[in-house]
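Novice: My structure is in final25.txt, and what it holds is compact mmCIF, C-alpha atoms:
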# COMPACT_ATOMS: atom_id res chain seq x y z
CA MET X 851 15.45 14.37 25.45
CA THR X 852 14.12 12.77 22.24
CA ARG X 853 13.96 9.45 24.06
CA LEU X 854 11.83 11.03 26.80
CA VAL X 855 9.47 12.52 24.19
CA GLY X 856 9.33 9.09 22.53
CA GLY X 857 8.34 7.42 25.81
CA VAL X 858 5.66 10.03 26.58
CA THR X 859 4.39 9.71 22.98
CA LEU X 860 4.05 5.94 23.31
CA ALA X 861 2.08 6.35 26.55
CA ALA X 862 -0.14 9.02 24.94
CA LEU X 863 -0.80 6.81 21.91
CA ALA X 864 -1.78 3.95 24.21
CA ALA X 865 -4.10 6.32 26.12
CA GLY X 866 -5.59 7.43 22.79
CA LEU X 867 -6.31 3.81 21.84
CA VAL X 868 -7.92 3.14 25.21
CA MET X 869 -10.07 6.28 24.85
CA GLY X 870 -11.01 5.52 21.25
CA PHE X 871 -11.83 1.83 21.72
CA GLY X 872 -12.54 1.42 25.42
CA ILE X 873 -14.10 4.60 26.76
CA ALA X 874 -15.78 6.36 23.80
CA PRO X 875 -19.16 4.79 23.04
CA ARG X 876 -20.31 3.17 19.81
CA GLU X 877 -21.70 5.88 17.55
CA ALA X 878 -25.46 5.56 17.02
CA THR X 879 -25.73 6.05 13.24
CA GLN X 880 -22.38 4.81 11.86
CA GLY X 881 -21.62 2.08 14.38
CA ASN X 882 -18.07 1.18 15.36
CA VAL X 883 -16.62 2.21 12.00
CA GLN X 884 -16.81 5.80 13.31
CA ARG X 885 -13.83 4.92 15.55
CA ILE X 886 -11.65 5.58 12.49
CA MET X 887 -12.30 9.26 13.31
CA TYR X 888 -9.85 9.03 16.27
CA LEU X 889 -7.13 8.27 13.74
CA HIS X 890 -8.27 10.23 10.68
CA VAL X 891 -8.96 13.64 12.29
CA PRO X 892 -5.75 13.82 14.41
CA SER X 893 -3.79 12.81 11.27
CA VAL X 894 -5.10 15.77 9.29
CA TRP X 895 -4.50 18.03 12.32
CA VAL X 896 -0.84 16.97 12.38
CA ALA X 897 -0.62 17.54 8.61
CA TYR X 898 -1.95 21.11 9.04
CA LEU X 899 0.46 21.69 11.93
CA ALA X 900 3.41 20.28 9.96
CA PHE X 901 2.76 22.46 6.92
CA ALA X 902 2.22 25.54 9.09
CA VAL X 903 5.66 24.87 10.61
CA VAL X 904 7.07 24.52 7.07
CA LEU X 905 5.61 27.96 6.27
CA VAL X 906 7.10 29.65 9.34
CA ALA X 907 10.48 27.90 9.02
CA SER X 908 10.65 28.73 5.29
CA ILE X 909 10.03 32.43 5.96
CA ALA X 910 12.65 32.32 8.74
CA TYR X 911 15.13 30.68 6.36
CA LEU X 912 14.61 33.27 3.62
CA ILE X 913 15.13 36.10 6.13
CA ARG X 914 18.05 34.73 8.15
CA ARG X 915 19.48 31.92 5.97
CA ALA X 916 19.72 29.78 9.10
CA GLU X 917 20.33 26.15 8.18
CA ALA X 918 18.46 25.00 11.29
CA ALA X 919 15.28 26.64 9.93
CA ASP X 920 15.77 24.87 6.61
CA ARG X 921 16.26 21.52 8.34
CA LEU X 922 13.12 22.10 10.41
CA ALA X 923 11.12 22.90 7.26
CA HIS X 924 12.48 19.81 5.51
CA ALA X 925 11.76 17.48 8.45
CA SER X 926 8.30 18.95 9.02
CA ALA X 927 7.37 18.64 5.34
CA GLU X 928 8.39 14.98 5.31
CA VAL X 929 6.34 14.19 8.41
CA GLY X 930 3.45 16.27 7.02
CA VAL X 931 3.45 14.25 3.80
CA LEU X 932 3.43 11.06 5.85
CA PHE X 933 0.37 12.18 7.84
CA THR X 934 -1.42 13.58 4.78
CA GLY X 935 -1.00 10.19 3.12
CA LEU X 936 -2.42 8.55 6.25
CA THR X 937 -5.33 11.01 6.24
CA ILE X 938 -6.19 10.15 2.64
CA ALA X 939 -5.83 6.40 3.18
CA THR X 940 -7.84 6.24 6.42
CA GLY X 941 -10.48 8.59 4.97
CA SER X 942 -10.83 6.32 1.98
CA ILE X 943 -11.20 3.26 4.23
CA TRP X 944 -13.83 5.14 6.28
CA GLY X 945 -15.59 6.38 3.13
CA LYS X 946 -16.26 2.96 1.66
CA PRO X 947 -18.71 1.69 4.32
CA THR X 948 -20.26 5.11 5.03
CA TRP X 949 -20.46 6.76 1.57
CA GLY X 950 -20.34 3.57 -0.51
CA THR X 951 -17.18 4.64 -2.35
CA TRP X 952 -13.42 4.65 -1.73
CA TRP X 953 -12.93 7.97 -3.48
CA THR X 954 -14.90 10.80 -5.00
CA TRP X 955 -13.64 14.02 -6.60
CA ASP X 956 -15.38 16.34 -4.17
CA ALA X 957 -13.79 19.61 -3.07
CA ARG X 958 -12.36 18.37 0.27
CA LEU X 959 -10.85 15.16 -1.07
CA THR X 960 -9.48 16.83 -4.18
CA SER X 961 -7.93 19.74 -2.25
CA VAL X 962 -6.26 17.31 0.19
CA ALA X 963 -4.93 15.29 -2.76
CA ILE X 964 -3.49 18.52 -4.25
CA LEU X 965 -1.94 19.38 -0.87
CA PHE X 966 -0.33 15.92 -0.75
CA VAL X 967 1.06 16.21 -4.30
CA MET X 968 2.37 19.76 -3.68
CA TYR X 969 4.40 18.74 -0.63
CA LEU X 970 5.53 15.56 -2.35
CA GLY X 971 6.81 17.90 -5.07
CA TYR X 972 8.49 19.97 -2.35
CA LEU X 973 10.43 16.90 -1.17
CA LEU X 974 11.28 15.89 -4.75
CA LEU X 975 12.53 19.42 -5.46
CA ARG X 976 14.85 19.22 -2.47
CA GLY X 977 16.22 15.91 -3.68
CA MET X 978 16.71 17.10 -7.26
CA ILE X 979 18.87 20.20 -6.70
CA GLU X 980 22.46 19.34 -5.80
CA ASP X 981 23.51 22.79 -4.57
CA ARG X 982 22.22 22.69 -1.01
CA GLU X 983 21.81 26.45 -0.56
CA ARG X 984 19.95 26.82 -3.87
CA GLY X 985 17.73 23.82 -3.11
CA ALA X 986 16.89 25.23 0.31
CA ARG X 987 15.99 28.62 -1.21
CA PHE X 988 13.71 27.13 -3.89
CA ALA X 989 12.12 24.77 -1.36
CA ALA X 990 11.45 27.67 1.02
CA VAL X 991 9.57 29.55 -1.73
CA LEU X 992 7.54 26.44 -2.56
CA GLY X 993 6.91 25.81 1.14
CA ILE X 994 5.38 29.28 1.42
CA VAL X 995 3.30 29.01 -1.76
CA ALA X 996 1.99 25.52 -0.93
CA ALA X 997 0.78 26.69 2.50
CA PHE X 998 -1.94 28.74 0.80
CA ASN X 999 -3.63 25.42 0.10
CA ILE X 1000 -4.24 24.73 3.83
CA PRO X 1001 -7.17 27.20 4.28
CA LEU X 1002 -8.52 26.00 0.94
CA VAL X 1003 -8.61 22.43 2.30
CA HIS X 1004 -10.19 23.45 5.61
CA PHE X 1005 -12.87 25.75 4.20
CA SER X 1006 -13.61 23.70 1.06
CA VAL X 1007 -16.55 22.06 2.86
CA TYR X 1008 -18.13 25.50 3.34
CA TRP X 1009 -17.25 27.02 -0.04
CA TRP X 1010 -18.42 24.08 -2.17
CA ARG X 1011 -21.11 21.45 -1.82
CA THR X 1012 -19.23 18.33 -0.74
CA LEU X 1013 -19.91 14.76 0.25
CA HIS X 1014 -17.41 15.23 3.09
CA GLN X 1015 -19.03 16.52 6.28
CA PRO X 1016 -18.12 19.97 7.68
CA PRO X 1017 -15.66 20.10 10.61
CA SER X 1018 -17.04 18.91 13.94
CA LEU X 1019 -14.41 20.50 16.18
CA MET X 1020 -12.38 23.20 14.45
CA LYS X 1021 -15.35 25.48 13.73
CA PRO X 1022 -16.95 28.53 15.32
CA GLY X 1023 -19.94 28.11 17.62
CA PRO X 1024 -20.93 25.45 20.14
CA GLY X 1025 -19.90 21.85 19.52
CA THR X 1026 -22.42 19.19 18.56
CA MET X 1027 -20.43 16.12 19.66
CA PRO X 1028 -20.91 14.44 23.06
CA GLY X 1029 -18.26 15.35 25.63
CA ILE X 1030 -16.78 11.86 25.88
CA ILE X 1031 -16.19 11.67 22.11
CA VAL X 1032 -14.59 15.14 22.16
CA THR X 1033 -12.34 14.03 25.05
CA ALA X 1034 -11.28 10.88 23.19
CA LEU X 1035 -10.52 12.99 20.15
CA LEU X 1036 -8.51 15.51 22.18
CA VAL X 1037 -6.40 12.77 23.79
CA ASN X 1038 -5.59 11.51 20.29
CA PHE X 1039 -4.82 15.07 19.16
CA VAL X 1040 -2.25 15.35 21.95
CA ALA X 1041 -0.81 11.90 21.20
CA PHE X 1042 -0.43 12.64 17.49
CA SER X 1043 1.03 16.08 18.16
CA LEU X 1044 3.67 14.46 20.42
CA LEU X 1045 4.37 11.90 17.69
CA TYR X 1046 4.87 14.80 15.27
CA VAL X 1047 7.34 16.49 17.65
CA TYR X 1048 9.21 13.21 18.15
CA PHE X 1049 9.49 12.44 14.43
CA VAL X 1050 10.49 15.99 13.47
CA ALA X 1051 13.13 16.17 16.23
CA ARG X 1052 14.70 12.91 15.09
CA ARG X 1053 14.49 13.76 11.38
CA ALA X 1054 15.96 17.24 11.87
CA ARG X 1055 18.83 15.74 13.90
CA LEU X 1056 19.43 13.21 11.12
CA LEU X 1057 19.49 15.96 8.51
CA ARG X 1058 22.11 17.83 10.56
CA ARG X 1059 24.27 14.72 10.83
CA GLU X 1060 23.89 14.03 7.11
CA ALA X 1061 25.00 17.59 6.34
CA GLU X 1062 28.00 17.23 8.68
CA ALA X 1063 28.95 13.91 7.10
CA ALA X 1064 28.70 15.41 3.61
CA GLY X 1065 31.00 18.23 4.75
CA MET W 623 -25.62 0.12 10.32
CA PRO W 624 -23.22 -2.84 10.58
CA ASP W 625 -20.06 -2.25 12.58
CA ASN W 626 -17.58 -2.92 9.77
CA TRP W 627 -14.79 -3.92 12.15
CA GLY W 628 -12.73 -5.03 9.14
CA PHE W 629 -12.49 -1.43 7.95
CA VAL W 630 -11.55 -0.23 11.44
CA LEU W 631 -8.80 -2.84 11.70
CA ALA W 632 -7.56 -2.03 8.19
CA ALA W 633 -7.30 1.69 8.99
CA TYR W 634 -5.50 1.20 12.33
CA GLY W 635 -3.31 -1.59 10.95
CA LEU W 636 -2.26 0.52 7.99
CA ALA W 637 -1.47 3.50 10.21
CA ALA W 638 0.54 1.35 12.63
CA GLY W 639 2.49 -0.21 9.74
CA VAL W 640 3.30 3.13 8.10
CA LEU W 641 4.33 4.85 11.34
CA LEU W 642 6.44 1.90 12.42
CA ALA W 643 8.12 1.77 9.00
CA TYR W 644 8.99 5.48 9.24
CA TRP W 645 10.34 5.03 12.79
CA ARG W 646 12.49 2.12 11.57
CA PHE W 647 13.74 4.20 8.62
CA LEU W 648 14.87 6.93 11.02
CA ALA W 649 16.52 4.44 13.38
CA ARG W 650 18.34 2.62 10.56
CA ARG W 651 19.58 5.84 8.93
CA GLU W 652 20.82 7.09 12.32
CA ARG W 653 22.65 3.81 12.92
CA ASP W 654 24.26 3.94 9.45
CA LEU W 655 25.44 7.51 9.98
CA ARG W 656 26.83 6.69 13.42
CA GLY W 657 28.63 3.69 11.99
CA ALA W 658 30.14 5.74 9.18
CA ALA W 659 31.26 8.45 11.62
CA GLU W 660 32.83 5.79 13.86
CA ARG W 661 34.73 4.25 10.93
CA ASN W 662 36.00 7.69 9.83
CA ARG W 663 37.20 8.38 13.35
CA ILE W 664 39.01 5.03 13.76
CA ALA W 665 40.68 4.73 10.33
CA PRO W 666 43.43 7.38 10.70
CA VAL W 667 44.21 6.36 14.31
CA SER W 668 44.88 2.74 13.44
CA GLY W 669 47.71 3.73 11.13
CA HIS W 670 46.71 1.20 8.49
CA PRO W 671 45.26 3.12 5.62
CA GLY W 672 43.98 1.02 2.75
CA PRO W 673 46.22 0.49 -0.27
CA GLU W 674 46.13 2.96 -3.11
CA PRO W 675 43.77 1.79 -5.85
CA ALA W 676 46.64 1.60 -8.37
CA SER W 677 48.62 -0.78 -6.14
CA ARG W 678 45.82 -3.32 -6.32
CA THR W 679 46.17 -3.86 -10.06
CA PRO W 680 48.65 -6.62 -10.91
CA ARG W 681 51.76 -5.56 -12.77
CA ALA W 682 52.25 -6.89 -16.25
Now that the file is in, can you turn its structure into structure tokens?
Specialist:
Amino acid sequence: MTRLVGGVTLAALAAGLVMGFGIAPREATQGNVQRIMYLHVPSVWVAYLAFAVVLVASIAYLIRRAEAADRLAHASAEVGVLFTGLTIATGSIWGKPTWGTWWTWDARLTSVAILFVMYLGYLLLRGMIEDRERGARFAAVLGIVAAFNIPLVHFSVYWWRTLHQPPSLMKPGPGTMPGIIVTALLVNFVAFSLLYVYFVARRARLLRREAEAAG
Amino acid sequence: MPDNWGFVLAAYGLAAGVLLAYWRFLARRERDLRGAAERNRIAPVSGHPGPEPASRTPRA
């Protein structure tokens, strides 16, 4: 099953590249550097998705003490950290030619950096506590608390004056982007979401095997 | 505005490298665990358990 998801993911990623580089036109004001958007925006979408799954799985673990929920939270947090790191790195690479700087302490960038550090702390916490049940319990609480940062990240561009532009897609009201660019973005959303499912499925399976091997 | 293809390549190259590295980490860890499980399964069947640690030390 995982292999099938992996194959479909590869095909979707290839389609995303074709859409982003072959079909979507060159953006009028930014030029071709805007094509980083097809990587940067789906990355942050996957990070949001991953941390939302951590929140739900953590609540489920605290209620039912099901180890599967804990493994799902752990795997999702790890993949979420990976994609948050990618979001920060690709945003920084995009920022240099468009804003003239790699980094600035504006509300969006700072809140994403805090999100990254919080979930990095979540993973470190899991690694530090030897008693598995206790570690899972503490991590679940942190996984719930850290999720409060997600709306802060998303709405930071509205609540504070930022260099980062407001959302182009995930916002109320009619869209302002041309249809072909939206389509290219959506194909990449699907591809990255599949990649998330593939990585989390494999990581969760690994965590189960590690737990079985540890006895 | 210039196209800045170098930045585009850097972003996509970095992403490809990171994602590939994570995929390889998962594959390697899975292989290691499978190997360990296989060894654990075979050892008692073969009937040749390793010597006790004390038996390895030379007698005075």
Novice: Which residue out of W:Ala633, W:Glu660, W:Gly628, W:Ala643 has the minimum interatomic distance to chain X when all atoms listed in the file are used?
Specialist: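 Among the listed residues, the smallest separation from chain X belongs to W:Ala633.
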Novice: Using all atoms listed in the file, what table do you get, as JSON lines, when you list each residue of chain X with an atom no more than 10 Å from chain W, its nearest pair of atoms, and their distance in Å rounded to one decimal, rows by chain then rising number?
Specialist:
{"residue": "X:Leu867", "atom": "CA", "partner": "W:Tyr634", "partner_atom": "CA", "distance": 9.9}
{"residue": "X:Arg876", "atom": "CA", "partner": "W:Asp625", "partner_atom": "CA", "distance": 9.0}
{"residue": "X:Glu877", "atom": "CA", "partner": "W:Asp625", "partner_atom": "CA", "distance": 9.7}
{"residue": "X:Ala878", "atom": "CA", "partner": "W:Met623", "partner_atom": "CA", "distance": 8.6}
{"residue": "X:Thr879", "atom": "CA", "partner": "W:Met623", "partner_atom": "CA", "distance": 6.6}
{"residue": "X:Gln880", "atom": "CA", "partner": "W:Met623", "partner_atom": "CA", "distance": 5.9}
{"residue": "X:Gly881", "atom": "CA", "partner": "W:Asp625", "partner_atom": "CA", "distance": 4.9}
{"residue": "X:Asn882", "atom": "CA", "partner": "W:Asp625", "partner_atom": "CA", "distance": 4.8}
{"residue": "X:Val883", "atom": "CA", "partner": "W:Val630", "partner_atom": "CA", "distance": 5.7}
{"residue": "X:Gln884", "atom": "CA", "partner": "W:Val630", "partner_atom": "CA", "distance": 8.2}
{"residue": "X:Arg885", "atom": "CA", "partner": "W:Val630", "partner_atom": "CA", "distance": 7.0}
{"residue": "X:Ile886", "atom": "CA", "partner": "W:Val630", "partner_atom": "CA", "distance": 5.9}
{"residue": "X:Met887", "atom": "CA", "partner": "W:Val630", "partner_atom": "CA", "distance": 9.7}
{"residue": "X:Tyr888", "atom": "CA", "partner": "W:Tyr634", "partner_atom": "CA", "distance": 9.8}
{"residue": "X:Leu889", "atom": "CA", "partner": "W:Tyr634", "partner_atom": "CA", "distance": 7.4}
{"residue": "X:His890", "atom": "CA", "partner": "W:Ala633", "partner_atom": "CA", "distance": 8.8}
{"residue": "X:Ser893", "atom": "CA", "partner": "W:Ala637", "partner_atom": "CA", "distance": 9.7}
{"residue": "X:Val929", "atom": "CA", "partner": "W:Tyr644", "partner_atom": "CA", "distance": 9.1}
{"residue": "X:Leu932", "atom": "CA", "partner": "W:Val640", "partner_atom": "CA", "distance": 8.2}
{"residue": "X:Phe933", "atom": "CA", "partner": "W:Leu641", "partner_atom": "CA", "distance": 9.0}
{"residue": "X:Gly935", "atom": "CA", "partner": "W:Val640", "partner_atom": "CA", "distance": 9.7}
{"residue": "X:Leu936", "atom": "CA", "partner": "W:Ala637", "partner_atom": "CA", "distance": 6.5}
{"residue": "X:Thr937", "atom": "CA", "partner": "W:Ala637", "partner_atom": "CA", "distance": 9.3}
{"residue": "X:Ala939", "atom": "CA", "partner": "W:Ala633", "partner_atom": "CA", "distance": 7.6}
{"residue": "X:Thr940", "atom": "CA", "partner": "W:Ala633", "partner_atom": "CA", "distance": 5.3}
{"residue": "X:Gly941", "atom": "CA", "partner": "W:Ala633", "partner_atom": "CA", "distance": 8.6}
{"residue": "X:Ser942", "atom": "CA", "partner": "W:Ala633", "partner_atom": "CA", "distance": 9.1}
{"residue": "X:Ile943", "atom": "CA", "partner": "W:Phe629", "partner_atom": "CA", "distance": 6.1}
{"residue": "X:Trp944", "atom": "CA", "partner": "W:Phe629", "partner_atom": "CA", "distance": 6.9}
{"residue": "X:Gly945", "atom": "CA", "partner": "W:Phe629", "partner_atom": "CA", "distance": 9.7}
{"residue": "X:Lys946", "atom": "CA", "partner": "W:Phe629", "partner_atom": "CA", "distance": 8.5}
{"residue": "X:Pro947", "atom": "CA", "partner": "W:Asn626", "partner_atom": "CA", "distance": 7.2}
{"residue": "X:Thr948", "atom": "CA", "partner": "W:Met623", "partner_atom": "CA", "distance": 9.0}
{"residue": "X:Leu1045", "atom": "CA", "partner": "W:Leu641", "partner_atom": "CA", "distance": 9.5}
{"residue": "X:Tyr1048", "atom": "CA", "partner": "W:Trp645", "partner_atom": "CA", "distance": 9.8}
{"residue": "X:Phe1049", "atom": "CA", "partner": "W:Trp645", "partner_atom": "CA", "distance": 7.6}
{"residue": "X:Arg1052", "atom": "CA", "partner": "W:Leu648", "partner_atom": "CA", "distance": 7.2}
{"residue": "X:Arg1053", "atom": "CA", "partner": "W:Leu648", "partner_atom": "CA", "distance": 6.9}
{"residue": "X:Arg1055", "atom": "CA", "partner": "W:Glu652", "partner_atom": "CA", "distance": 9.0}
{"residue": "X:Leu1056", "atom": "CA", "partner": "W:Glu652", "partner_atom": "CA", "distance": 6.4}
{"residue": "X:Leu1057", "atom": "CA", "partner": "W:Glu652", "partner_atom": "CA", "distance": 9.7}
{"residue": "X:Arg1059", "atom": "CA", "partner": "W:Leu655", "partner_atom": "CA", "distance": 7.4}
{"residue": "X:Glu1060", "atom": "CA", "partner": "W:Leu655", "partner_atom": "CA", "distance": 7.3}
{"residue": "X:Glu1062", "atom": "CA", "partner": "W:Ala659", "partner_atom": "CA", "distance": 9.8}
{"residue": "X:Ala1063", "atom": "CA", "partner": "W:Ala659", "partner_atom": "CA", "distance": 7.5}
Novice: Write the residues you've just listed into a file as a compact mmCIF listing (two decimals), in the coordinates of the input, and include C-alpha atoms for each of them.
Specialist:
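Everything below was put into selection.txt:
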# COMPACT_ATOMS: atom_id res chain seq x y z
CA LEU X 867 -6.31 3.81 21.84
CA ARG X 876 -20.31 3.17 19.81
CA GLU X 877 -21.70 5.88 17.55
CA ALA X 878 -25.46 5.56 17.02
CA THR X 879 -25.73 6.05 13.24
CA GLN X 880 -22.38 4.81 11.86
CA GLY X 881 -21.62 2.08 14.38
CA ASN X 882 -18.07 1.18 15.36
CA VAL X 883 -16.62 2.21 12.00
CA GLN X 884 -16.81 5.80 13.31
CA ARG X 885 -13.83 4.92 15.55
CA ILE X 886 -11.65 5.58 12.49
CA MET X 887 -12.30 9.26 13.31
CA TYR X 888 -9.85 9.03 16.27
CA LEU X 889 -7.13 8.27 13.74
CA HIS X 890 -8.27 10.23 10.68
CA SER X 893 -3.79 12.81 11.27
CA VAL X 929 6.34 14.19 8.41
CA LEU X 932 3.43 11.06 5.85
CA PHE X 933 0.37 12.18 7.84
CA GLY X 935 -1.00 10.19 3.12
CA LEU X 936 -2.42 8.55 6.25
CA THR X 937 -5.33 11.01 6.24
CA ALA X 939 -5.83 6.40 3.18
CA THR X 940 -7.84 6.24 6.42
CA GLY X 941 -10.48 8.59 4.97
CA SER X 942 -10.83 6.32 1.98
CA ILE X 943 -11.20 3.26 4.23
CA TRP X 944 -13.83 5.14 6.28
CA GLY X 945 -15.59 6.38 3.13
CA LYS X 946 -16.26 2.96 1.66
CA PRO X 947 -18.71 1.69 4.32
CA THR X 948 -20.26 5.11 5.03
CA LEU X 1045 4.37 11.90 17.69
CA TYR X 1048 9.21 13.21 18.15
CA PHE X 1049 9.49 12.44 14.43
CA ARG X 1052 14.70 12.91 15.09
CA ARG X 1053 14.49 13.76 11.38
CA ARG X 1055 18.83 15.74 13.90
CA LEU X 1056 19.43 13.21 11.12
CA LEU X 1057 19.49 15.96 8.51
CA ARG X 1059 24.27 14.72 10.83
CA GLU X 1060 23.89 14.03 7.11
CA GLU X 1062 28.00 17.23 8.68
CA ALA X 1063 28.95 13.91 7.10
Novice: Extract, using only C-alpha atoms, all DNA, RNA and protein residues at most 8 Å from Phe1039 in chain X, discarding same-chain residues fewer than 4 positions from it, and format them as a list in words.
Specialist: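 Surrounding residues, per the criterion: Pro892, Trp895, Leu1035 and Ser1043 of chain X.
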Novice: Please report the interatomic distance between CA of Thr960 in chain X and CA of Leu974 in chain X in Å with one decimal.
Specialist: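 About the pair CA of Thr960 in chain X and CA of Leu974 in chain X: they are 20.8 Å apart.
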Novice: Which is closer to Ala1061 in chain X than all the others in X:Val903, X:Val891, X:Ala918, X:Val1037, using all atoms listed in the file?
Specialist: X:Ala918
Novice: Extract, using only C-alpha atoms, all DNA, RNA and protein residues at most 12 Å from Phe988 in chain X, discarding same-chain residues fewer than 2 positions from it, and format them as a list of chain:residue names.
Specialist: X:Ser908, X:Ile909, X:Tyr911, X:Leu912, X:Asp920, X:His924, X:Gly971, X:Tyr972, X:Leu973, X:Leu974, X:Leu975, X:Arg976, X:Gly977, X:Met978, X:Ile979, X:Glu980, X:Asp981, X:Arg982, X:Glu983, X:Arg984, X:Gly985, X:Ala986, X:Ala990, X:Val991, X:Leu992, X:Gly993, X:Ile994, X:Val995
Novice: Measure the distance from CA of Leu1002 in chain X to CA of Ile964 in chain X in Å and round it to one decimal.
Specialist: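 Distance reported for this atom pair: 10.4 Å.
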Novice: What is the distance, in Å and to one decimal place, between CA of Asp956 in chain X and CA of Leu1013 in chain X?
Specialist: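 Taking CA of Asp956 in chain X and CA of Leu1013 in chain X, their separation equals 6.5 Å.
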Novice: Extract, using only C-alpha atoms, all DNA, RNA and protein residues at most 8 Å from Ala910 in chain X, discarding same-chain residues fewer than 5 positions from it, and format them as a list in words.
Specialist: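 Here the qualifying residues turn out to be Arg915, Ala916 and Ala919 of chain X.
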Novice: Rebuild range 645-657 of chain W so that it carries N, CA and C atoms, then output the result as a tab-separated table (two decimals), in the coordinates of the input.
Specialist:
chain	number	residue	atom	x	y	z
W	645	TRP	N	9.49	5.06	11.59
W	645	TRP	CA	10.34	5.03	12.79
W	645	TRP	C	11.58	4.16	12.53
W	646	ARG	N	11.36	3.03	11.87
W	646	ARG	CA	12.49	2.12	11.57
W	646	ARG	C	13.45	2.76	10.58
W	647	PHE	N	12.90	3.49	9.60
W	647	PHE	CA	13.74	4.20	8.62
W	647	PHE	C	14.65	5.20	9.34
W	648	LEU	N	14.08	5.95	10.28
W	648	LEU	CA	14.87	6.93	11.02
W	648	LEU	C	15.96	6.25	11.85
W	649	ALA	N	15.57	5.15	12.51
W	649	ALA	CA	16.52	4.44	13.38
W	649	ALA	C	17.66	3.85	12.54
W	650	ARG	N	17.32	3.26	11.40
W	650	ARG	CA	18.34	2.62	10.56
W	650	ARG	C	19.30	3.67	10.00
W	651	ARG	N	18.75	4.78	9.52
W	651	ARG	CA	19.58	5.84	8.93
W	651	ARG	C	20.53	6.42	9.99
W	652	GLU	N	20.00	6.56	11.22
W	652	GLU	CA	20.82	7.09	12.32
W	652	GLU	C	21.98	6.13	12.62
W	653	ARG	N	21.64	4.83	12.63
W	653	ARG	CA	22.65	3.81	12.92
W	653	ARG	C	23.73	3.82	11.83
W	654	ASP	N	23.30	3.92	10.57
W	654	ASP	CA	24.26	3.94	9.45
W	654	ASP	C	25.20	5.14	9.56
W	655	LEU	N	24.63	6.30	9.88
W	655	LEU	CA	25.44	7.51	9.98
W	655	LEU	C	26.42	7.42	11.14
W	656	ARG	N	25.95	6.85	12.25
W	656	ARG	CA	26.83	6.69	13.42
W	656	ARG	C	27.97	5.74	13.10
W	657	GLY	N	27.62	4.67	12.38
W	657	GLY	CA	28.63	3.69	11.99
W	657	GLY	C	29.69	4.30	11.08
